[in-house]
Every structure is written in C-alpha cells, then in structure tokens.
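Inspection log for the structure reproduced underneath, given as structure tokens.
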Amino acid sequence: FKSSKVRGRRMASNSGSREDSAAKGALPLWIVDAFVTPERPAFTGNPAAVVMCSDSIHSLDPETKLKVAAEMNLSETAFVSARENDEQTAVASFDLQWYSPKNEVALCGHATLATAFALLSSHFDPSSQPERLEFHTLSGILTVSPMVQDELQGETLLSLSIGPPRQPIRVDLASDIEVKNCVCAIFGDNWESAVDSVHISVEAKKLLVVASEWASIATLAVPDGALLLDAHDGTRFRGIAVSAVHPSGSSPERAGPDIVSRYFAPWNGIAEDPVNGSGHALLVPYWSALLRKSRLRSVYVSKRGGSMVCEIEHGPTASSGAAHGRVPSEERVVLHGACRMVVEGSLFL
C-alpha cells in the first residue's frame, strides 16, 4: 500500500466540501474514544484528538500544537504524519507526537491507540490494510496490530505495545515527604488506613499508590491539583496511578476485572485521565507478579470508565527502540483495547 495515495483516492471520492477543505489547507481531524468499556462503548474510555499533518509532524511548530491541544481540551491530542513506506511490506510507519493542553508528553497509550484506530478507519483503503502500524515517538517505536481477538470479552481489539515493563520501587513515606504529601492530597487525613503501599518509577516518571480497598478508589474525589503541584514540582514523577486488586482478580473462579485504577496528572495539566495506558508500564509488572497472572483485565473506575486487557510479551519480536540508542528489550508491555469513533472532520488553522 501507499498510504498517501490511498488517502488521496479516499478524499477524492468524498464530497466537494471535503475537497474544498483540503484546498484551503485544512488537516484531517478525528476524536476517538480509546479503551472503551465493551459492555457500553458509547462515551466511555479516554477521548483523544488526532491530527493528520500533511507533510511532517514538524510542519506545525510546538506553539501551534499546544494551541490546538488547548482548543481540543482533551487529555491528549496526537499529531501524526506518514513516513516513507515500502508498498510491498505489511508495516506502515508514522511519526507521532502527543500534547496535553499544557505541554508535550513523552508517552501516551490511549492517544496512540486512538491514532491507530483513526488511521485504520479512515486513512487506508479496506483492501490494503497493514498488518502492523509503527509509530516513531519520543519513547521509541510503538507498535499497534489490528484485529486482535480478545478471548475474555469476545471483542475485536487493537493491540498496543507501549514499551518495556518498569518495575516500581517501594517508597518509604517516613522519609519521602514529597510523596507523602501527594498521597495525603489524594486520600486526606485518613490516608494511612486507605493506602497499602506506594511505589515509584523514575524512568516512567510515575507514582503507583496501592489502595487497601478497591471500592474506595471509585469514591475518591478528584484531588485538588494545586495541592499536588505544591507538594511536588514534577521532576521525579508527573502522574499518579491509584490501583487495587479486585476480588475477582485474586480468585480464579470469579469472572471480572483483576485490577481497578484511576490516574491523576496535574503536572501535565490533567486533573484526571479517564483511562490511562502508559501507567500500565508499572501496573502490569507489579500486579502480574503479585497475582501470579500473565494476563490481566484492567478496569478504570473514573466517571467515564474504561477497560483493557494487559500482558507482558516475551521473545525477540518484542524488541524496539534500538534506533534511539536503547538496547532492545526481550519484554514489552502490551495493551489490548477497543475504540469508538466520535468525530471525523477537518482542522482549520
């Protein structure tokens, strides 16, 4: 396939208004809900805006991208452009960047899944769908494979590889006042009874707070972002995942989620991420080891809700990022999630 030509034929076959938009320099724009709840997909999951840049993602300057992200007012807006692709191969390569309304983001799982879904839905001719999409990003090469069947839910999902697992290190709250103050900002004065343990990954710049009771996570109020920003300046971590094991996760006889979570990231201008993908670089290795499960169903109990199936992939095919000077890893965290198209149109700059 030739992605640009496929897209060109597709746009030429649409209405005159679409052609007029292209002539005026408008860019294709989608809003996609990623990691939707299969049982009720409408308006669940995490919405992301996706902008298809005409030549290169660098054709838009960072200030313009921030303005677009602020205009979209979603957790993240993705900017994507096609790289040179060999039409004989089954892999399509793209450059990809993510912006929150506040800053560029180093890694975003849900916006990557949303980008892949938008491209597969609207960019490629159905007769020439690629077997795999490769996204070149600040965090290395991320891959998405379409049409992965999830035996747990009977859903056709997209499979996203977000990078190597990041085993978090336990934090001593008696000596780490910054982290303690952040935990207190989330759980209040009774945090000691509500929190089992706290862990950090400096590589991923994320904090993992393990709650004592899974049900308490759903009732948490969105924490005051100002309190979190006062407690920590964002140098060590820029997001906090609050997670707990669900009763069905510790019992092989019970069907349902294995873990429940929420995610807060005021350092990126996000009070709460409805469903977070990148945090599973920590969540998956932590909970897989604790529950002795190679495959987990992760459910978010935010107001919108959402879900995904997670696992650690082993083997030589799980390596990427060597072009960025990293040693290829034999393990990759893989997320399987469903998406739903919400908006398809044009962005006028």
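Ligands are numbered from 1 in the order shown, residues from 1 within each chain, and chains are lettered A, B, ... in the order they appear in the structure tokens.
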
- Message: Residues near Leu142 in chain A, anyone? I mean within 8 Å using only C-alpha atoms, not counting same-chain ones fewer than 6 positions away, as a list in words.
- Response: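 Skipping anything fewer than 6 positions along the chain leaves Glu134, Phe135, His136, Leu160, Ser161, Ile162, Gly163 and Ser320 of chain A.
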
- Message: Env of Pro257 in chain A: 8 Å cut, atoms = only C-alpha atoms, seq-sep filter 6 positions within chain, self excluded. Answer as an MDAnalysis selection string.
- Response: chainID A and resid 246 248:249 296:299

- Between CA of Arg166 in chain A and CA of Glu311 in chain A - distance in Å to one decimal: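 Computing it gives 13.1 Å between the two atoms.
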
- Task: Choose the residue, out of A:Ala244, A:Arg340, A:Val91, A:Phe35, that has the smallest atom-to-atom separation from Arg262 in chain A; count only C-alpha atoms.
- Result: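 Nearest candidate to Arg262 in chain A out of A:Ala244, A:Arg340, A:Val91, A:Phe35: A:Ala244.
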
- Tell me which of A:Arg132, A:Leu138, A:Thr64, A:Val50 sits closest to Thr115 in chain A, counting only C-alpha atoms.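 Smallest distance to Thr115 in chain A is found for A:Val50.
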
Taking 5 positions as the minimum chain separation for residues in the same chain, which residues sit within 9 Å of range 222-236 of chain A when counting only C-alpha atoms? Answer as an mmCIF file with C-alpha atoms, in the first residue's frame.
data_model
loop_
_atom_site.group_PDB
_atom_site.id
_atom_site.type_symbol
_atom_site.label_atom_id
_atom_site.label_comp_id
_atom_site.auth_asym_id
_atom_site.auth_seq_id
_atom_site.Cartn_x
_atom_site.Cartn_y
_atom_site.Cartn_z
ATOM 1 C CA ILE A 177 7.848 13.942 52.496
ATOM 2 C CA GLU A 178 7.006 14.973 48.920
ATOM 3 C CA VAL A 179 5.396 11.652 48.101
ATOM 4 C CA LYS A 180 3.670 11.518 51.488
ATOM 5 C CA ASN A 181 2.126 14.952 50.909
ATOM 6 C CA CYS A 182 0.883 13.845 47.471
ATOM 7 C CA VAL A 183 -0.751 10.755 48.970
ATOM 8 C CA ALA A 185 -3.670 15.295 48.969
ATOM 9 C CA ILE A 186 -5.454 12.353 47.316
ATOM 10 C CA PHE A 187 -6.746 10.421 50.333
ATOM 11 C CA ILE A 200 7.802 4.931 42.097
ATOM 12 C CA SER A 201 9.398 4.533 38.680
ATOM 13 C CA VAL A 202 11.863 7.314 37.939
ATOM 14 C CA GLU A 203 12.215 6.035 34.353
ATOM 15 C CA LYS A 205 8.100 9.372 35.922
ATOM 16 C CA LYS A 206 5.054 7.838 37.573
ATOM 17 C CA LEU A 207 3.909 7.038 41.083
ATOM 18 C CA PHE A 264 -4.178 11.877 38.151
ATOM 19 C CA ALA A 265 -1.637 14.093 36.358
ATOM 20 C CA PRO A 266 -1.927 17.830 37.143
ATOM 21 C CA TRP A 267 1.748 18.228 36.181
ATOM 22 C CA ASN A 268 0.592 17.671 32.580
ATOM 23 C CA GLY A 269 -2.499 19.824 33.012
ATOM 24 C CA ILE A 270 -4.742 16.756 33.500
ATOM 25 C CA ALA A 271 -6.821 16.693 36.687
ATOM 26 C CA GLU A 272 -7.831 13.091 35.942
#

Surrounding residues of Pro168 in chain A excluding itself and chain neighbours under 6 positions, 12 Å, only C-alpha atoms, as a PDB file with N, CA and C atoms, in the first residue's frame:
ATOM      1  N   SER A 197       0.527   0.623  50.108  1.00  0.00           N
ATOM      2  CA  SER A 197       1.935   0.904  49.815  1.00  0.00           C
ATOM      3  C   SER A 197       2.025   1.901  48.670  1.00  0.00           C
ATOM      4  N   VAL A 198       3.213   2.484  48.502  1.00  0.00           N
ATOM      5  CA  VAL A 198       3.455   3.451  47.427  1.00  0.00           C
ATOM      6  C   VAL A 198       4.761   3.075  46.733  1.00  0.00           C
ATOM      7  N   HIS A 199       4.763   3.173  45.394  1.00  0.00           N
ATOM      8  CA  HIS A 199       5.919   2.769  44.602  1.00  0.00           C
ATOM      9  C   HIS A 199       6.182   3.832  43.531  1.00  0.00           C
ATOM     10  N   ILE A 200       7.439   3.914  43.083  1.00  0.00           N
ATOM     11  CA  ILE A 200       7.802   4.931  42.097  1.00  0.00           C
ATOM     12  C   ILE A 200       8.666   4.326  40.997  1.00  0.00           C
ATOM     13  N   SER A 201       8.493   4.832  39.788  1.00  0.00           N
ATOM     14  CA  SER A 201       9.398   4.533  38.680  1.00  0.00           C
ATOM     15  C   SER A 201       9.943   5.857  38.171  1.00  0.00           C
ATOM     16  N   VAL A 202      11.234   6.077  38.406  1.00  0.00           N
ATOM     17  CA  VAL A 202      11.863   7.314  37.939  1.00  0.00           C
ATOM     18  C   VAL A 202      11.935   7.315  36.417  1.00  0.00           C
ATOM     19  N   GLU A 203      12.142   6.134  35.811  1.00  0.00           N
ATOM     20  CA  GLU A 203      12.215   6.035  34.353  1.00  0.00           C
ATOM     21  C   GLU A 203      10.897   6.462  33.713  1.00  0.00           C
ATOM     22  N   ALA A 204       9.803   5.966  34.257  1.00  0.00           N
ATOM     23  CA  ALA A 204       8.491   6.282  33.696  1.00  0.00           C
ATOM     24  C   ALA A 204       7.929   7.590  34.226  1.00  0.00           C
ATOM     25  N   LYS A 205       8.573   8.150  35.266  1.00  0.00           N
ATOM     26  CA  LYS A 205       8.100   9.372  35.922  1.00  0.00           C
ATOM     27  C   LYS A 205       6.657   9.228  36.406  1.00  0.00           C
ATOM     28  N   LYS A 206       6.396   8.098  37.068  1.00  0.00           N
ATOM     29  CA  LYS A 206       5.054   7.838  37.573  1.00  0.00           C
ATOM     30  C   LYS A 206       5.123   7.264  38.981  1.00  0.00           C
ATOM     31  N   LEU A 207       4.061   7.547  39.728  1.00  0.00           N
ATOM     32  CA  LEU A 207       3.909   7.038  41.083  1.00  0.00           C
ATOM     33  C   LEU A 207       2.750   6.046  41.081  1.00  0.00           C
ATOM     34  N   LEU A 208       2.917   4.937  41.802  1.00  0.00           N
ATOM     35  CA  LEU A 208       1.858   3.947  41.956  1.00  0.00           C
ATOM     36  C   LEU A 208       1.456   3.882  43.423  1.00  0.00           C
ATOM     37  N   VAL A 209       0.199   4.225  43.708  1.00  0.00           N
ATOM     38  CA  VAL A 209      -0.339   4.145  45.058  1.00  0.00           C
ATOM     39  C   VAL A 209      -1.283   2.942  45.108  1.00  0.00           C
ATOM     40  N   VAL A 210      -0.952   1.962  45.932  1.00  0.00           N
ATOM     41  CA  VAL A 210      -1.768   0.761  46.062  1.00  0.00           C
ATOM     42  C   VAL A 210      -2.749   0.976  47.210  1.00  0.00           C
ATOM     43  N   PHE A 237       8.215  12.628  39.231  1.00  0.00           N
ATOM     44  CA  PHE A 237       7.057  11.969  38.635  1.00  0.00           C
ATOM     45  C   PHE A 237       6.070  13.026  38.182  1.00  0.00           C
ATOM     46  N   ALA A 241      -0.852   6.901  39.582  1.00  0.00           N
ATOM     47  CA  ALA A 241      -1.840   5.847  39.399  1.00  0.00           C
ATOM     48  C   ALA A 241      -2.251   5.322  40.765  1.00  0.00           C
ATOM     49  N   GLY A 279       0.557   4.238  32.154  1.00  0.00           N
ATOM     50  CA  GLY A 279       0.796   3.824  33.532  1.00  0.00           C
ATOM     51  C   GLY A 279       0.893   2.321  33.701  1.00  0.00           C
ATOM     52  N   HIS A 280       0.425   1.573  32.705  1.00  0.00           N
ATOM     53  CA  HIS A 280       0.490   0.113  32.798  1.00  0.00           C
ATOM     54  C   HIS A 280       1.904  -0.420  32.621  1.00  0.00           C
ATOM     55  N   ALA A 281       2.833   0.450  32.233  1.00  0.00           N
ATOM     56  CA  ALA A 281       4.237   0.040  32.252  1.00  0.00           C
ATOM     57  C   ALA A 281       4.660  -0.324  33.672  1.00  0.00           C
ATOM     58  N   LEU A 282       3.996   0.289  34.678  1.00  0.00           N
ATOM     59  CA  LEU A 282       4.219  -0.055  36.081  1.00  0.00           C
ATOM     60  C   LEU A 282       3.199  -1.064  36.579  1.00  0.00           C
ATOM     61  N   LEU A 283       1.930  -0.819  36.253  1.00  0.00           N
ATOM     62  CA  LEU A 283       0.854  -1.633  36.811  1.00  0.00           C
ATOM     63  C   LEU A 283       0.966  -3.103  36.413  1.00  0.00           C
ATOM     64  N   VAL A 284       1.292  -3.365  35.163  1.00  0.00           N
ATOM     65  CA  VAL A 284       1.312  -4.745  34.695  1.00  0.00           C
ATOM     66  C   VAL A 284       2.400  -5.573  35.381  1.00  0.00           C
ATOM     67  N   PRO A 285       3.661  -5.126  35.416  1.00  0.00           N
ATOM     68  CA  PRO A 285       4.657  -5.961  36.114  1.00  0.00           C
ATOM     69  C   PRO A 285       4.384  -6.088  37.605  1.00  0.00           C
ATOM     70  N   TYR A 286       3.861  -5.026  38.228  1.00  0.00           N
ATOM     71  CA  TYR A 286       3.592  -5.085  39.658  1.00  0.00           C
ATOM     72  C   TYR A 286       2.495  -6.101  39.968  1.00  0.00           C
ATOM     73  N   TRP A 287       1.336  -5.972  39.301  1.00  0.00           N
ATOM     74  CA  TRP A 287       0.206  -6.830  39.620  1.00  0.00           C
ATOM     75  C   TRP A 287       0.374  -8.240  39.066  1.00  0.00           C
ATOM     76  N   ALA A 289       3.109  -9.960  38.945  1.00  0.00           N
ATOM     77  CA  ALA A 289       3.938 -10.688  39.911  1.00  0.00           C
ATOM     78  C   ALA A 289       3.158 -10.996  41.176  1.00  0.00           C
TER      79      ALA A 289
END

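Here CA of Gln129 in chain A is placed at a distance of 17.8 Å from CA of Met341 in chain A.
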
If you run DSSP on this backbone, which residues of range 27-113 of chain A come out as helix (DSSP H, G or I), and could you give them as a CSV table (one decimal) with N, CA and C atoms, in the first residue's frame?
chain,number,residue,atom,x,y,z
A,57,ILE,N,5.1,16.0,11.0
A,57,ILE,CA,4.6,16.5,12.3
A,57,ILE,C,5.4,17.8,12.7
A,58,HIS,N,6.5,18.0,12.0
A,58,HIS,CA,7.3,19.2,12.3
A,58,HIS,C,6.9,20.3,11.5
A,59,SER,N,5.9,20.1,10.6
A,59,SER,CA,5.4,21.2,9.8
A,59,SER,C,4.6,22.2,10.7
A,62,PRO,N,5.8,23.8,17.8
A,62,PRO,CA,5.3,23.4,19.1
A,62,PRO,C,4.2,24.3,19.7
A,63,GLU,N,4.4,25.6,19.5
A,63,GLU,CA,3.4,26.6,20.0
A,63,GLU,C,2.0,26.3,19.4
A,64,THR,N,2.0,26.1,18.1
A,64,THR,CA,0.7,25.8,17.4
A,64,THR,C,0.1,24.5,17.9
A,65,LYS,N,0.9,23.5,18.1
A,65,LYS,CA,0.4,22.2,18.6
A,65,LYS,C,-0.2,22.4,20.0
A,66,LEU,N,0.5,23.2,20.9
A,66,LEU,CA,-0.1,23.5,22.2
A,66,LEU,C,-1.4,24.2,22.1
A,67,LYS,N,-1.5,25.1,21.2
A,67,LYS,CA,-2.8,25.9,21.0
A,67,LYS,C,-3.9,24.9,20.5
A,68,VAL,N,-3.6,24.0,19.6
A,68,VAL,CA,-4.5,23.1,19.1
A,68,VAL,C,-5.0,22.1,20.3
A,69,ALA,N,-4.0,21.7,21.1
A,69,ALA,CA,-4.3,20.8,22.2
A,69,ALA,C,-5.2,21.5,23.2
A,70,ALA,N,-5.0,22.8,23.4
A,70,ALA,CA,-5.8,23.6,24.3
A,70,ALA,C,-7.2,23.8,23.7
A,71,GLU,N,-7.3,23.9,22.4
A,71,GLU,CA,-8.6,24.1,21.8
A,71,GLU,C,-9.4,22.8,21.9
A,72,MET,N,-8.7,21.7,21.7
A,72,MET,CA,-9.4,20.4,21.8
A,72,MET,C,-9.8,20.1,23.3
A,109,GLY,N,-0.5,6.2,25.9
A,109,GLY,CA,-1.0,5.0,25.3
A,109,GLY,C,-2.4,5.1,24.7
A,110,HIS,N,-3.3,5.8,25.3
A,110,HIS,CA,-4.6,5.9,24.7
A,110,HIS,C,-4.7,6.7,23.4
A,111,ALA,N,-3.8,7.8,23.4
A,111,ALA,CA,-3.8,8.6,22.1
A,111,ALA,C,-3.1,7.8,21.0
A,112,THR,N,-2.2,6.9,21.3
A,112,THR,CA,-1.6,6.1,20.3
A,112,THR,C,-2.6,5.1,19.7
A,113,LEU,N,-3.4,4.5,20.6
A,113,LEU,CA,-4.4,3.6,20.2
A,113,LEU,C,-5.5,4.3,19.4

- Note on the structure: The distance between CA of Asp95 in chain A and CA of Arg83 in chain A is 6.6 Å

- Message: Let me make sure I understand: among A:Val343, A:Ile312, A:Ala42, A:Ala338, which one has the smallest atom-to-atom distance to Pro165 in chain A if we use only C-alpha atoms?
- Response: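 Going through A:Val343, A:Ile312, A:Ala42, A:Ala338 one by one, the smallest distance to Pro165 in chain A is for A:Ile312.
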
- Task: Could you give me, as a list in words, the residues within 10 Å of Cys53 in chain A, counting only C-alpha atoms and dropping anything in the same chain fewer than 5 positions from it?
- Result: Ala26, Leu27, Pro28, Leu29, His58, Ser59, Leu60, Phe79, Val80, Ser81, Ala82, Asp95 and Leu96 of chain A

- Item | Pick from A:Asp33, A:Asp125, A:Asp61, A:Glu331, whichever lies nearest to Ser307 in chain A using only C-alpha atoms |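 Of all the options, A:Asp33 lies closest to Ser307 in chain A.
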
- Nearest to His314 in chain A: which of A:Cys184, A:Pro164, A:Arg40, A:Leu290 is it, counting only C-alpha atoms?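 Closest residue, counting only C-alpha atoms: A:Pro164.
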
- Query: Please, which residues of range 230-271 of chain A, numbered as in this document, come out strand (DSSP E) from DSSP, as a VMD selection string?
  - Reply: chain A and resid 239 to 245 259 to 265 270 to 271
